[in-house]
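Data file: structure12.cif. Format and content: mmCIF, C-alpha atoms.
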data_start
loop_
_atom_site.label_atom_id
_atom_site.label_comp_id
_atom_site.auth_asym_id
_atom_site.auth_seq_id
_atom_site.Cartn_x
_atom_site.Cartn_y
_atom_site.Cartn_z
CA MET G 1 0.00 0.00 0.00
CA PHE G 2 2.85 2.32 0.75
CA ASP G 3 5.30 1.01 -1.85
CA TRP G 4 5.15 4.24 -3.77
CA LEU G 5 6.17 6.10 -0.65
CA GLN G 6 9.17 3.82 -0.17
CA HIS G 7 10.17 4.45 -3.78
CA PHE G 8 9.86 8.16 -3.14
CA ALA G 9 12.02 7.96 0.00
CA ASP G 10 14.62 5.83 -1.84
CA TRP G 11 14.67 8.26 -4.72
CA LEU G 12 14.89 11.34 -2.49
CA ILE G 13 17.67 10.11 -0.21
CA TYR G 14 19.72 7.88 -2.48
CA SER G 15 19.37 9.73 -5.78
CA VAL G 16 18.58 13.37 -5.05
CA PHE G 17 20.70 13.75 -1.93
CA GLY G 18 23.13 11.10 -3.15
CA ILE G 19 23.53 9.49 0.29
CA GLY G 20 24.46 5.84 -0.03
CA ALA G 21 21.90 3.15 0.84
CA ASP G 22 24.60 1.30 2.76
CA THR G 23 25.55 4.16 5.08
CA HIS G 24 24.09 4.67 8.56
CA LEU G 25 23.01 8.18 7.57
CA GLY G 26 21.30 6.94 4.43
CA ILE G 27 19.36 4.26 6.31
CA ALA G 28 18.34 6.67 9.07
CA LEU G 29 17.22 9.42 6.67
CA ASN G 30 15.32 7.02 4.44
CA PHE G 31 13.52 5.60 7.47
CA PHE G 32 12.73 9.11 8.66
CA VAL G 33 11.26 10.36 5.36
CA PHE G 34 9.27 7.19 4.70
CA ASP G 35 7.85 6.87 8.20
CA THR G 36 7.00 10.52 8.68
CA LEU G 37 5.01 10.70 5.46
CA LYS G 38 3.33 7.35 5.98
CA ILE G 39 2.33 8.23 9.54
CA LEU G 40 0.97 11.63 8.58
CA ILE G 41 -1.18 10.14 5.81
CA LEU G 42 -2.56 7.41 8.09
CA LEU G 43 -3.09 9.86 10.92
CA PHE G 44 -5.11 12.20 8.78
CA PHE G 45 -7.36 9.44 7.45
CA ILE G 46 -8.00 7.81 10.79
CA VAL G 47 -8.72 11.08 12.57
CA PHE G 48 -10.99 12.04 9.69
CA ILE G 49 -12.94 8.76 9.90
CA MET G 50 -13.23 9.14 13.67
CA GLY G 51 -14.52 12.66 13.10
CA ILE G 52 -17.32 11.29 10.92
CA VAL G 53 -18.16 8.56 13.45
CA ASN G 54 -18.33 11.20 16.13
CA ALA G 55 -20.57 13.50 14.19
CA TYR G 56 -23.12 10.68 14.24
CA PHE G 57 -22.50 9.34 17.71
CA PRO G 58 -21.92 12.31 19.96
CA ILE G 59 -21.06 11.48 23.52
CA GLU G 60 -24.51 12.49 24.76
CA ARG G 61 -26.10 9.85 22.59
CA LEU G 62 -23.69 7.19 23.84
CA LYS G 63 -24.41 8.20 27.40
CA ASP G 64 -28.15 7.90 26.87
CA TYR G 65 -27.64 4.49 25.30
CA LEU G 66 -25.73 3.26 28.34
CA ASN G 67 -28.33 4.75 30.59
CA LYS G 68 -31.51 3.49 28.98
CA LYS G 69 -30.66 0.08 27.58
CA LYS G 70 -30.56 -2.98 29.73
CA LEU G 71 -27.22 -4.46 28.83
CA TYR G 72 -26.99 -7.37 31.29
CA GLY G 73 -23.42 -6.81 32.37
CA LEU G 74 -22.23 -5.86 28.91
CA GLU G 75 -22.42 -2.18 29.83
CA TYR G 76 -18.76 -2.23 30.87
CA PHE G 77 -17.81 -3.55 27.47
CA PHE G 78 -19.98 -1.00 25.65
CA ALA G 79 -18.69 1.89 27.76
CA SER G 80 -15.19 0.75 26.93
CA ILE G 81 -15.94 0.64 23.19
CA PHE G 82 -17.49 4.09 23.38
CA GLY G 83 -14.34 5.27 25.13
CA ALA G 84 -12.30 3.95 22.23
CA ILE G 85 -14.32 5.69 19.52
CA THR G 86 -14.63 9.01 21.33
CA PRO G 87 -11.78 11.40 20.71
CA PHE G 88 -10.05 12.05 23.95
CA CYS G 89 -8.78 15.35 25.20
CA SER G 90 -7.40 15.01 28.71
CA CYS G 91 -9.08 18.26 29.71
CA SER G 92 -12.46 16.70 28.93
CA SER G 93 -11.95 13.80 31.31
CA VAL G 94 -13.46 15.60 34.29
CA PRO G 95 -16.58 16.94 32.54
CA LEU G 96 -17.08 13.50 30.99
CA PHE G 97 -16.72 11.83 34.34
CA ILE G 98 -19.27 14.12 35.98
CA GLY G 99 -21.62 13.93 33.03
CA PHE G 100 -21.62 10.15 33.22
CA VAL G 101 -22.19 9.77 36.94
CA GLN G 102 -24.70 12.59 36.93
CA GLY G 103 -26.59 10.84 34.16
CA GLY G 104 -27.02 7.85 36.44
CA ILE G 105 -24.31 5.66 34.96
CA PRO G 106 -22.64 3.48 37.61
CA LEU G 107 -19.15 4.45 38.72
CA GLY G 108 -17.58 1.24 37.42
CA VAL G 109 -19.06 1.72 33.94
CA THR G 110 -17.83 5.32 33.97
CA PHE G 111 -14.37 4.04 34.84
CA ALA G 112 -14.49 1.57 31.94
CA PHE G 113 -15.04 4.55 29.66
CA LEU G 114 -12.37 6.61 31.39
CA ILE G 115 -9.74 3.87 31.13
CA THR G 116 -10.22 3.11 27.45
CA SER G 117 -10.70 6.66 26.24
CA PRO G 118 -7.02 7.73 26.41
CA LEU G 119 -5.75 4.16 25.94
CA VAL G 120 -7.32 3.57 22.54
CA ASN G 121 -7.39 6.91 20.81
CA GLU G 122 -7.19 7.80 17.14
CA VAL G 123 -3.60 9.02 17.29
CA ALA G 124 -2.38 5.89 19.07
CA VAL G 125 -4.23 3.66 16.60
CA ALA G 126 -2.86 5.50 13.57
CA MET G 127 0.68 5.38 14.94
CA PHE G 128 0.37 1.68 15.73
CA LEU G 129 -1.01 0.92 12.30
CA GLY G 130 1.85 2.80 10.68
CA MET G 131 4.62 1.29 12.76
CA PHE G 132 3.47 -2.23 13.62
CA GLY G 133 0.86 -3.17 11.02
CA VAL G 134 -2.75 -4.29 11.16
CA LYS G 135 -2.38 -7.37 13.39
CA ALA G 136 -0.57 -5.59 16.21
CA THR G 137 -3.01 -2.68 15.98
CA LEU G 138 -6.02 -4.97 16.33
CA ILE G 139 -4.42 -6.68 19.31
CA TYR G 140 -3.68 -3.33 20.86
CA ALA G 141 -7.17 -1.91 20.33
CA LEU G 142 -9.05 -5.06 21.37
CA SER G 143 -6.95 -5.65 24.44
CA GLY G 144 -7.29 -1.98 25.36
CA ILE G 145 -11.08 -2.34 25.19
CA LEU G 146 -11.06 -5.58 27.20
CA LEU G 147 -8.70 -4.05 29.73
CA GLY G 148 -11.01 -1.07 30.14
CA SER G 149 -14.02 -3.37 30.64
CA LEU G 150 -12.20 -5.52 33.17
CA GLY G 151 -10.74 -2.55 35.07
CA GLY G 152 -14.12 -0.81 35.17
CA TRP G 153 -15.86 -3.96 36.36
CA LEU G 154 -13.30 -4.47 39.14
CA LEU G 155 -13.57 -0.83 40.23
CA GLY G 156 -17.35 -1.11 40.16
CA LYS G 157 -17.26 -4.14 42.44
CA LEU G 158 -15.30 -2.20 45.04
CA ASN G 159 -18.14 0.31 45.71
CA LEU G 160 -15.96 3.38 45.80
CA GLU G 161 -18.65 6.08 45.57
CA HIS G 162 -17.82 7.38 49.05
CA LEU G 163 -14.34 8.32 47.81
CA LEU G 164 -15.62 10.91 45.35
CA SER G 165 -15.11 14.59 46.13
CA ASP G 166 -17.82 16.19 48.25
CA TRP G 167 -19.07 18.49 45.53
CA VAL G 168 -19.42 15.53 43.16
CA LYS G 169 -21.49 13.68 45.75
CA GLU G 170 -23.63 16.79 46.04
CA ILE G 171 -24.18 16.84 42.29
CA LEU G 172 -25.25 13.23 42.46
CA GLU G 173 -27.76 13.96 45.17
CA ASN G 174 -29.41 17.07 43.76
CA LYS G 175 -29.71 17.03 40.06
CA MET G 176 -29.05 20.49 38.74
CA GLN G 177 -31.18 22.14 36.17
CA GLN G 178 -29.80 21.68 32.73
CA ALA G 179 -28.98 24.46 30.35
CA GLU G 180 -30.68 24.29 27.01
CA PHE G 181 -28.71 22.66 24.26
CA GLN G 182 -29.37 23.39 20.64
CA GLY G 183 -28.87 20.08 18.90
CA GLU G 184 -26.82 19.87 15.74
CA LYS G 185 -29.21 19.97 12.85
CA ARG G 186 -26.77 20.46 10.06
CA SER G 187 -26.38 18.06 7.18
CA PHE G 188 -23.37 15.88 6.54
CA ARG G 189 -22.27 18.16 3.70
CA ASP G 190 -22.26 21.15 6.02
CA ARG G 191 -20.21 19.32 8.57
CA LEU G 192 -17.67 17.80 6.22
CA PRO G 193 -15.42 20.88 5.93
CA GLU G 194 -15.39 21.17 9.70
CA ILE G 195 -14.52 17.48 10.18
CA THR G 196 -11.71 17.84 7.65
CA ARG G 197 -10.45 20.94 9.40
CA GLY G 198 -10.66 19.19 12.77
CA ALA G 199 -8.64 16.25 11.43
CA TRP G 200 -6.08 18.62 9.99
CA ASP G 201 -5.84 20.48 13.31
CA ILE G 202 -5.12 17.26 15.17
CA VAL G 203 -2.46 16.26 12.65
CA LYS G 204 -0.88 19.72 12.96
CA GLY G 205 -1.04 19.45 16.74
CA VAL G 206 0.92 16.21 16.89
CA LEU G 207 3.18 16.93 13.91
CA LEU G 208 6.09 18.01 16.07
CA TYR G 209 5.83 14.89 18.26
CA VAL G 210 5.67 12.66 15.20
CA ILE G 211 8.79 14.27 13.76
CA ILE G 212 10.75 14.15 17.00
CA GLY G 213 9.64 10.59 17.75
CA ILE G 214 10.51 9.36 14.28
CA ALA G 215 13.80 11.27 14.29
CA ILE G 216 14.84 9.54 17.52
CA GLY G 217 13.54 6.25 16.13
CA ALA G 218 15.41 6.80 12.85
CA ALA G 219 18.66 7.62 14.64
CA MET G 220 18.35 4.49 16.77
CA HIS G 221 17.34 2.49 13.73
CA GLY G 222 20.39 3.56 11.79
CA TYR G 223 22.96 3.45 14.58
CA ALA G 224 21.97 1.07 17.38
CA PRO G 225 23.27 -2.42 16.64
CA GLU G 226 20.88 -5.27 15.96
CA ASN G 227 19.67 -6.98 19.15
CA PHE G 228 21.09 -4.11 21.18
CA PHE G 229 18.26 -4.24 23.72
CA ASN G 230 18.05 -7.96 23.64
CA GLN G 231 20.70 -8.43 26.26
CA TYR G 232 18.89 -6.09 28.66
CA LEU G 233 15.21 -6.37 27.94
CA GLY G 234 14.64 -9.18 25.49
CA GLY G 235 15.67 -12.22 27.45
CA GLY G 236 12.21 -12.80 28.87
CA GLN G 237 13.20 -11.91 32.41
CA TRP G 238 10.06 -11.77 34.51
CA TRP G 239 10.70 -8.23 35.74
CA THR G 240 10.90 -6.54 32.33
CA VAL G 241 7.13 -6.13 31.93
CA PRO G 242 6.44 -4.58 35.36
CA LEU G 243 9.53 -2.41 35.02
CA ALA G 244 8.47 -1.10 31.60
CA VAL G 245 4.95 -0.40 32.90
CA LEU G 246 6.05 1.28 36.13
CA VAL G 247 8.47 3.51 34.26
CA ALA G 248 5.73 4.46 31.81
CA VAL G 249 2.87 5.24 34.21
CA PRO G 250 4.00 8.70 35.42
CA MET G 251 5.30 9.59 31.97
CA TYR G 252 3.14 11.84 29.92
CA ALA G 253 4.14 11.17 26.37
CA ASN G 254 2.12 11.82 23.32
CA ALA G 255 1.26 8.57 21.53
CA ALA G 256 2.57 10.21 18.39
CA GLY G 257 6.02 10.62 19.87
CA ILE G 258 6.33 7.36 21.75
CA VAL G 259 5.30 4.77 19.15
CA PRO G 260 8.21 5.30 16.70
CA VAL G 261 10.67 4.86 19.56
CA ILE G 262 8.91 1.72 20.77
CA GLN G 263 8.99 0.36 17.24
CA VAL G 264 12.77 0.53 17.21
CA PHE G 265 12.93 -1.18 20.60
CA VAL G 266 10.89 -4.02 19.13
CA ALA G 267 12.97 -4.13 15.96
CA LYS G 268 16.08 -4.41 18.12
CA GLY G 269 14.86 -7.28 20.23
CA VAL G 270 12.34 -6.16 22.87
CA PRO G 271 9.27 -8.46 22.91
CA LEU G 272 6.15 -6.90 21.37
CA GLY G 273 4.07 -7.64 24.49
CA THR G 274 6.43 -5.68 26.71
CA ALA G 275 6.33 -2.84 24.19
CA ILE G 276 2.52 -2.80 24.05
CA ALA G 277 2.32 -2.78 27.85
CA PHE G 278 4.77 0.12 27.96
CA MET G 279 2.72 1.99 25.38
CA MET G 280 -0.54 1.40 27.28
CA ALA G 281 0.94 2.65 30.52
CA THR G 282 2.32 5.73 28.82
CA VAL G 283 -0.87 6.90 27.15
CA GLY G 284 -3.39 5.35 29.55
CA LEU G 285 -2.17 6.78 32.83
CA SER G 286 -0.24 9.93 33.58
CA ILE G 287 0.48 12.43 36.31
CA PRO G 288 -1.42 15.25 34.53
CA GLU G 289 -4.49 13.03 34.31
CA ALA G 290 -4.23 12.26 38.02
CA THR G 291 -4.02 15.99 38.74
CA LEU G 292 -7.20 16.63 36.79
CA LEU G 293 -9.04 13.76 38.45
CA LYS G 294 -8.05 15.13 41.85
CA LYS G 295 -10.92 17.58 41.40
CA VAL G 296 -13.55 14.88 41.35
CA MET G 297 -12.15 12.13 43.52
CA SER G 298 -10.00 11.61 46.59
CA LEU G 299 -6.34 10.66 46.31
CA LYS G 300 -7.23 7.26 47.63
CA LEU G 301 -9.64 6.64 44.77
CA ILE G 302 -7.08 7.85 42.23
CA ALA G 303 -4.52 5.49 43.77
CA ILE G 304 -6.95 2.55 43.58
CA PHE G 305 -7.88 3.49 40.00
CA PHE G 306 -4.25 3.77 38.87
CA GLY G 307 -3.28 0.66 40.83
CA ILE G 308 -5.91 -1.54 39.24
CA VAL G 309 -5.24 -0.28 35.73
CA THR G 310 -1.47 -0.70 36.20
CA LEU G 311 -2.02 -4.25 37.38
CA CYS G 312 -4.24 -5.01 34.39
CA ILE G 313 -1.64 -3.60 32.00
CA ILE G 314 1.16 -5.66 33.57
CA LEU G 315 -0.93 -8.83 33.35
CA SER G 316 -1.81 -8.16 29.72
CA GLY G 317 1.89 -7.55 29.00
CA TYR G 318 2.67 -11.07 30.25
CA LEU G 319 -0.26 -12.43 28.29
CA PHE G 320 0.93 -10.79 25.05
CA ASN G 321 4.42 -12.17 25.50
CA LEU G 322 2.97 -15.63 25.98
CA ILE G 323 0.72 -15.60 22.92
CA LEU G 324 2.58 -13.37 20.45
CA MET O 1 -34.05 39.81 31.26
CA ALA O 2 -35.27 39.14 27.75
CA ILE O 3 -36.57 42.69 27.31
CA ASN O 4 -33.37 44.11 28.66
CA LYS O 5 -31.37 42.18 26.12
CA GLU O 6 -33.36 43.50 23.22
CA VAL O 7 -32.87 47.08 24.30
CA VAL O 8 -29.16 46.87 24.90
CA MET O 9 -28.44 44.19 22.30
CA SER O 10 -25.33 43.29 24.17
CA LYS O 11 -24.51 39.63 24.22
CA THR O 12 -22.88 37.67 26.96
CA ILE O 13 -20.48 35.13 25.61
CA LYS O 14 -19.02 32.52 27.88
CA ILE O 15 -16.25 30.16 26.96
CA LEU O 16 -16.18 27.04 29.10
CA GLY O 17 -12.90 25.22 29.28
CA THR O 18 -10.21 24.28 31.73
CA GLY O 19 -7.45 25.91 29.71
CA CYS O 20 -6.55 23.21 27.21
CA PRO O 21 -5.16 24.23 23.79
CA LYS O 22 -8.58 23.78 22.15
CA CYS O 23 -10.18 26.11 24.70
CA GLN O 24 -7.59 28.76 23.99
CA SER O 25 -8.08 28.49 20.27
CA LEU O 26 -11.86 28.84 20.74
CA THR O 27 -11.27 31.99 22.79
CA GLY O 28 -9.07 33.35 20.00
CA VAL O 29 -11.70 32.67 17.35
CA VAL O 30 -14.47 34.32 19.39
CA LYS O 31 -12.37 37.39 20.21
CA ASP O 32 -11.45 37.82 16.56
CA VAL O 33 -15.05 37.56 15.41
CA VAL O 34 -16.26 40.02 18.01
CA SER O 35 -13.63 42.64 17.28
CA GLU O 36 -13.64 42.22 13.50
CA ASN O 37 -17.41 42.69 13.32
CA ASN O 38 -17.77 45.28 16.08
CA ILE O 39 -20.19 43.08 17.95
CA ASP O 40 -21.34 44.42 21.29
CA ALA O 41 -20.56 41.53 23.56
CA THR O 42 -18.76 40.66 26.73
CA ILE O 43 -16.55 37.63 26.65
CA GLU O 44 -16.05 35.68 29.79
CA LYS O 45 -13.80 32.69 30.25
CA VAL O 46 -15.11 30.10 32.67
CA GLU O 47 -12.22 27.95 33.80
CA ASP O 48 -13.49 26.64 37.10
CA ILE O 49 -14.59 23.06 36.64
CA MET O 50 -17.44 23.38 39.14
CA GLU O 51 -18.82 26.35 37.24
CA ILE O 52 -18.41 24.51 33.95
CA MET O 53 -20.34 21.54 35.24
CA LYS O 54 -23.33 23.76 35.96
CA TYR O 55 -23.83 23.97 32.22
CA ASN O 56 -24.00 20.21 32.02
CA VAL O 57 -21.49 19.95 29.21
CA MET O 58 -19.47 16.77 28.86
CA THR O 59 -16.94 17.93 26.36
CA THR O 60 -14.93 21.12 26.42
CA PRO O 61 -14.47 23.70 25.07
CA ALA O 62 -18.04 24.92 24.98
CA LEU O 63 -19.44 28.20 23.75
CA VAL O 64 -22.36 29.71 25.63
CA ILE O 65 -24.16 32.68 24.14
CA ASP O 66 -26.72 34.35 26.38
CA ASP O 67 -26.91 31.21 28.51
CA VAL O 68 -27.56 28.89 25.60
CA ILE O 69 -24.93 26.28 24.82
CA THR O 70 -24.25 26.58 21.12
CA ILE O 71 -21.04 24.66 20.58
CA LYS O 72 -19.40 21.96 22.59
CA GLY O 73 -16.36 19.80 22.28
CA ARG O 74 -14.93 21.45 19.21
CA VAL O 75 -13.52 24.65 17.83
CA PRO O 76 -15.87 26.25 15.29
CA SER O 77 -14.85 28.38 12.32
CA LYS O 78 -15.13 32.17 12.43
CA ASP O 79 -18.08 32.09 10.04
CA GLU O 80 -19.94 29.71 12.30
CA VAL O 81 -19.38 31.88 15.36
CA LEU O 82 -20.49 34.96 13.43
CA ALA O 83 -23.68 33.19 12.35
CA LEU O 84 -24.38 32.18 15.95
CA LEU O 85 -23.90 35.73 17.17
CA ASN O 86 -26.25 37.27 14.61
#

Using structure tokens, write down the structure that the file contains.
Amino acid sequence: MFDWLQHFADWLIYSVFGIGADTHLGIALNFFVFDTLKILILLFFIVFIMGIVNAYFPIERLKDYLNKKKLYGLEYFFASIFGAITPFCSCSSVPLFIGFVQGGIPLGVTFAFLITSPLVNEVAVAMFLGMFGVKATLIYALSGILLGSLGGWLLGKLNLEHLLSDWVKEILENKMQQAEFQGEKRSFRDRLPEITRGAWDIVKGVLLYVIIGIAIGAAMHGYAPENFFNQYLGGGQWWTVPLAVLVAVPMYANAAGIVPVIQVFVAKGVPLGTAIAFMMATVGLSIPEATLLKKVMSLKLIAIFFGIVTLCIILSGYLFNLIL
Amino acid sequence: MAINKEVVMSKTIKILGTGCPKCQSLTGVVKDVVSENNIDATIEKVEDIMEIMKYNVMTTPALVIDDVITIKGRVPSKDEVLALLN
């Protein structure tokens, strides 16, 4: 599918710039040009498609669905899927959280949404697709959704409502009057330019991270020896997965910047499962997210939330390494 | 209130958002539209999450014109904001 792009990168680096295909610099530059362009194209299309999906399934509609349908235990799974298809902006996590619990959705189901939303987002999916291919992307997305369902279900079982902030409890008790919302009544044609613009904005927003991430990846790709990480991280030592996850949890890295680096780790010998677990911990949990959530829940609840999700990610890392 | 509004014709615009990049870009768009078209309006940024939640929005940024939520969760174009203000 991207052969033409590889030909372009070969032509540009080896012919136009005249840098040899057998030099470190040539390999690194070729990798950089090819990957940057490929990623940007994929990113635009996926964000664009997600934009269309979202125009038809706004979050309010998803919330109503969760609220009104009897889902017989599948509500965790559905909330998790909705989390995956909803574009995530970390600053929306608090309003989403309140909106869900206020709408009568159980805390555990809300958590399922909250776990998956940053974990499986359009940028992460596009980056994964570009760097690891379809199979790894499907594994990542599906396991992210299952992990969100499981984590939400566990958190729901623990009955943690009393650990919410006081003002959130108040909201739950007295429903506030709702401001009037003018629903979107515009046609698809009217919305298309705006969806395109939105997709373009997101691509522009992560462009710098993509370039930096791929530049680091390209440098490592061209210069780090084959199996370089193998001796440290690839030998299947039991502690590599928890270590990778624990290092990644506090990190706040953009999916766009982190995936190209992870890809090189995998190419140089780190098991894919360890890499996926690292990626999940990076995008799924972060200090800034914890800071935001501090407004709606007690530290104890945040700690339980992060603890359970971290545990789930570590377990899935082991599982991936077993089956992949 | 309604009568008052018609006499003065001044609009109250509120931008709800906790200060993320999207919220800032919405503020920029609204300010540009207001100044470019000499619209009589006061722009207020609502950054306190408890205040924001009173509007029952689930996605930020949101644009509130005279207490009606008109946009949420995205940054509109200038033309769209202008149309909403007229």

**Study point:** From G:Trp238, G:Phe8, G:Phe320, G:Phe57, residue lying nearest Ile276 in chain G [all atoms listed in the file]
**Key:**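 When distances to Ile276 in chain G are compared using all atoms listed in the file, the smallest one comes from G:Phe320.
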
Practice item. Quick one: apply the PyMOL selection byres ((chain O) within 8 of (chain G)) to the file and drop the selected residues here as a ChimeraX atom specification. Key: /O:17-20,49,52-60,67-70,75-77

Exercise for review: Could you state which residues are captured by the PyMOL selection byres ((chain O and resi 72) around 6) in this file, as a list in words?
Suggested key: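 Taken on the displayed file, the PyMOL selection byres ((chain O and resi 72) around 6) yields the residues Thr60, Pro61, Ala62, Ile71, Gly73 and Arg74 of chain O.
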
Check what the PyMOL selection byres ((chain G and resi 306) around 12) selects in the file above and give those residues as a PDB file with C-alpha atoms, in the frame of the given file.
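Result file is part27.pdb:
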ATOM      1  CA  PHE G 111     -14.370   4.040  34.840  1.00  0.00           C
ATOM      2  CA  LEU G 114     -12.370   6.610  31.390  1.00  0.00           C
ATOM      3  CA  ILE G 115      -9.740   3.870  31.130  1.00  0.00           C
ATOM      4  CA  GLY G 151     -10.740  -2.550  35.070  1.00  0.00           C
ATOM      5  CA  GLY G 152     -14.120  -0.810  35.170  1.00  0.00           C
ATOM      6  CA  LEU G 155     -13.570  -0.830  40.230  1.00  0.00           C
ATOM      7  CA  VAL G 245       4.950  -0.400  32.900  1.00  0.00           C
ATOM      8  CA  LEU G 246       6.050   1.280  36.130  1.00  0.00           C
ATOM      9  CA  VAL G 249       2.870   5.240  34.210  1.00  0.00           C
ATOM     10  CA  PRO G 250       4.000   8.700  35.420  1.00  0.00           C
ATOM     11  CA  ALA G 281       0.940   2.650  30.520  1.00  0.00           C
ATOM     12  CA  GLY G 284      -3.390   5.350  29.550  1.00  0.00           C
ATOM     13  CA  LEU G 285      -2.170   6.780  32.830  1.00  0.00           C
ATOM     14  CA  SER G 286      -0.240   9.930  33.580  1.00  0.00           C
ATOM     15  CA  ILE G 287       0.480  12.430  36.310  1.00  0.00           C
ATOM     16  CA  GLU G 289      -4.490  13.030  34.310  1.00  0.00           C
ATOM     17  CA  ALA G 290      -4.230  12.260  38.020  1.00  0.00           C
ATOM     18  CA  LEU G 293      -9.040  13.760  38.450  1.00  0.00           C
ATOM     19  CA  LEU G 299      -6.340  10.660  46.310  1.00  0.00           C
ATOM     20  CA  LYS G 300      -7.230   7.260  47.630  1.00  0.00           C
ATOM     21  CA  LEU G 301      -9.640   6.640  44.770  1.00  0.00           C
ATOM     22  CA  ILE G 302      -7.080   7.850  42.230  1.00  0.00           C
ATOM     23  CA  ALA G 303      -4.520   5.490  43.770  1.00  0.00           C
ATOM     24  CA  ILE G 304      -6.950   2.550  43.580  1.00  0.00           C
ATOM     25  CA  PHE G 305      -7.880   3.490  40.000  1.00  0.00           C
ATOM     26  CA  GLY G 307      -3.280   0.660  40.830  1.00  0.00           C
ATOM     27  CA  ILE G 308      -5.910  -1.540  39.240  1.00  0.00           C
ATOM     28  CA  VAL G 309      -5.240  -0.280  35.730  1.00  0.00           C
ATOM     29  CA  THR G 310      -1.470  -0.700  36.200  1.00  0.00           C
ATOM     30  CA  LEU G 311      -2.020  -4.250  37.380  1.00  0.00           C
ATOM     31  CA  CYS G 312      -4.240  -5.010  34.390  1.00  0.00           C
ATOM     32  CA  ILE G 313      -1.640  -3.600  32.000  1.00  0.00           C
TER      33      ILE G 313
END

Practice item. Quick one: pull the distance between CA of Ser15 in chain G and CA of Met127 in chain G, Å, one decimal. Key: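 Interatomic distance, CA of Ser15 in chain G to CA of Met127 in chain G: 28.2 Å.
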
Exercise for review: Tell me which protein, DNA and RNA residues are within 9 Å of Asn121 in chain G, counting all atoms listed in the file, leaving out same-chain ones fewer than 6 positions away, and put them as number ranges by chain.
Suggested key: G: 83-88, 141, 255

Point to revise | Surrounding residues of Ile65 in chain O excluding itself and chain neighbours under 5 positions, 9 Å, only C-alpha atoms, as a PyMOL selection string | key: chain O and resi 11-15+70+84-85

Check your understanding: What is the distance between CA of Phe132 in chain G and CA of Val203 in chain G, in Å to one decimal?
Key -> 19.4 Å

Check your understanding: What gap, in Å, lies between CA of Leu29 in chain G and CA of Tyr252 in chain G?
Key ->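 Computed distance, CA of Leu29 in chain G to CA of Tyr252 in chain G, equals 27.3 Å.
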
Check your understanding: Is there a way to get, as a count of residues only, all residues within 12 Å of the point (10.4, 6.1, -0.6) in file coordinates, counting only C-alpha atoms?
Key -> 27

Practice item. Considering all atoms listed in the file, return as a count of residues only whatever protein or nucleic-acid residues lie within 10 Å of Ile39 in chain O, sequence-local ones (same chain, fewer than 4 positions apart) excluded. Key: 10

Check your understanding: If you count all atoms listed in the file, which residues fall within 12 Å of Asp32 in chain O, apart from same-chain ones fewer than 2 positions away, as number ranges by chain?
Key -> O: 25-30, 34-39, 43, 77-79, 81-82

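Restricting the calculation to only C-alpha atoms, the smallest distance between Ala244 in chain G and any of G:Ile216, G:Ala267, G:Ile202, G:Ile314 is found for G:Ile314.
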
How big is the axis-aligned box, and where does its centre sit, when it encloses all atoms of range 45-64 of chain O listed in the file and has 8 Å added on every side, reported in Å to one decimal as lines of an AutoDock Vina configuration file?
center_x = -18.1
center_y = 24.7
center_z = 31.4
size_x = 27.8
size_y = 31.9
size_z = 31.4

**Study point:** Spatial neighbours of Asn321 in chain G, 12 Å, all atoms listed in the file, chain gap at least 2 places, as a list in words
**Key:**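 Result of the neighbour search: Gly234, Gly235, Gly236, Gln237, Trp238, Thr240, Val241, Val270, Pro271, Leu272, Gly273, Thr274, Ala275, Ile276, Ala277, Ile314, Leu315, Ser316, Gly317, Tyr318, Leu319, Ile323 and Leu324 of chain G.
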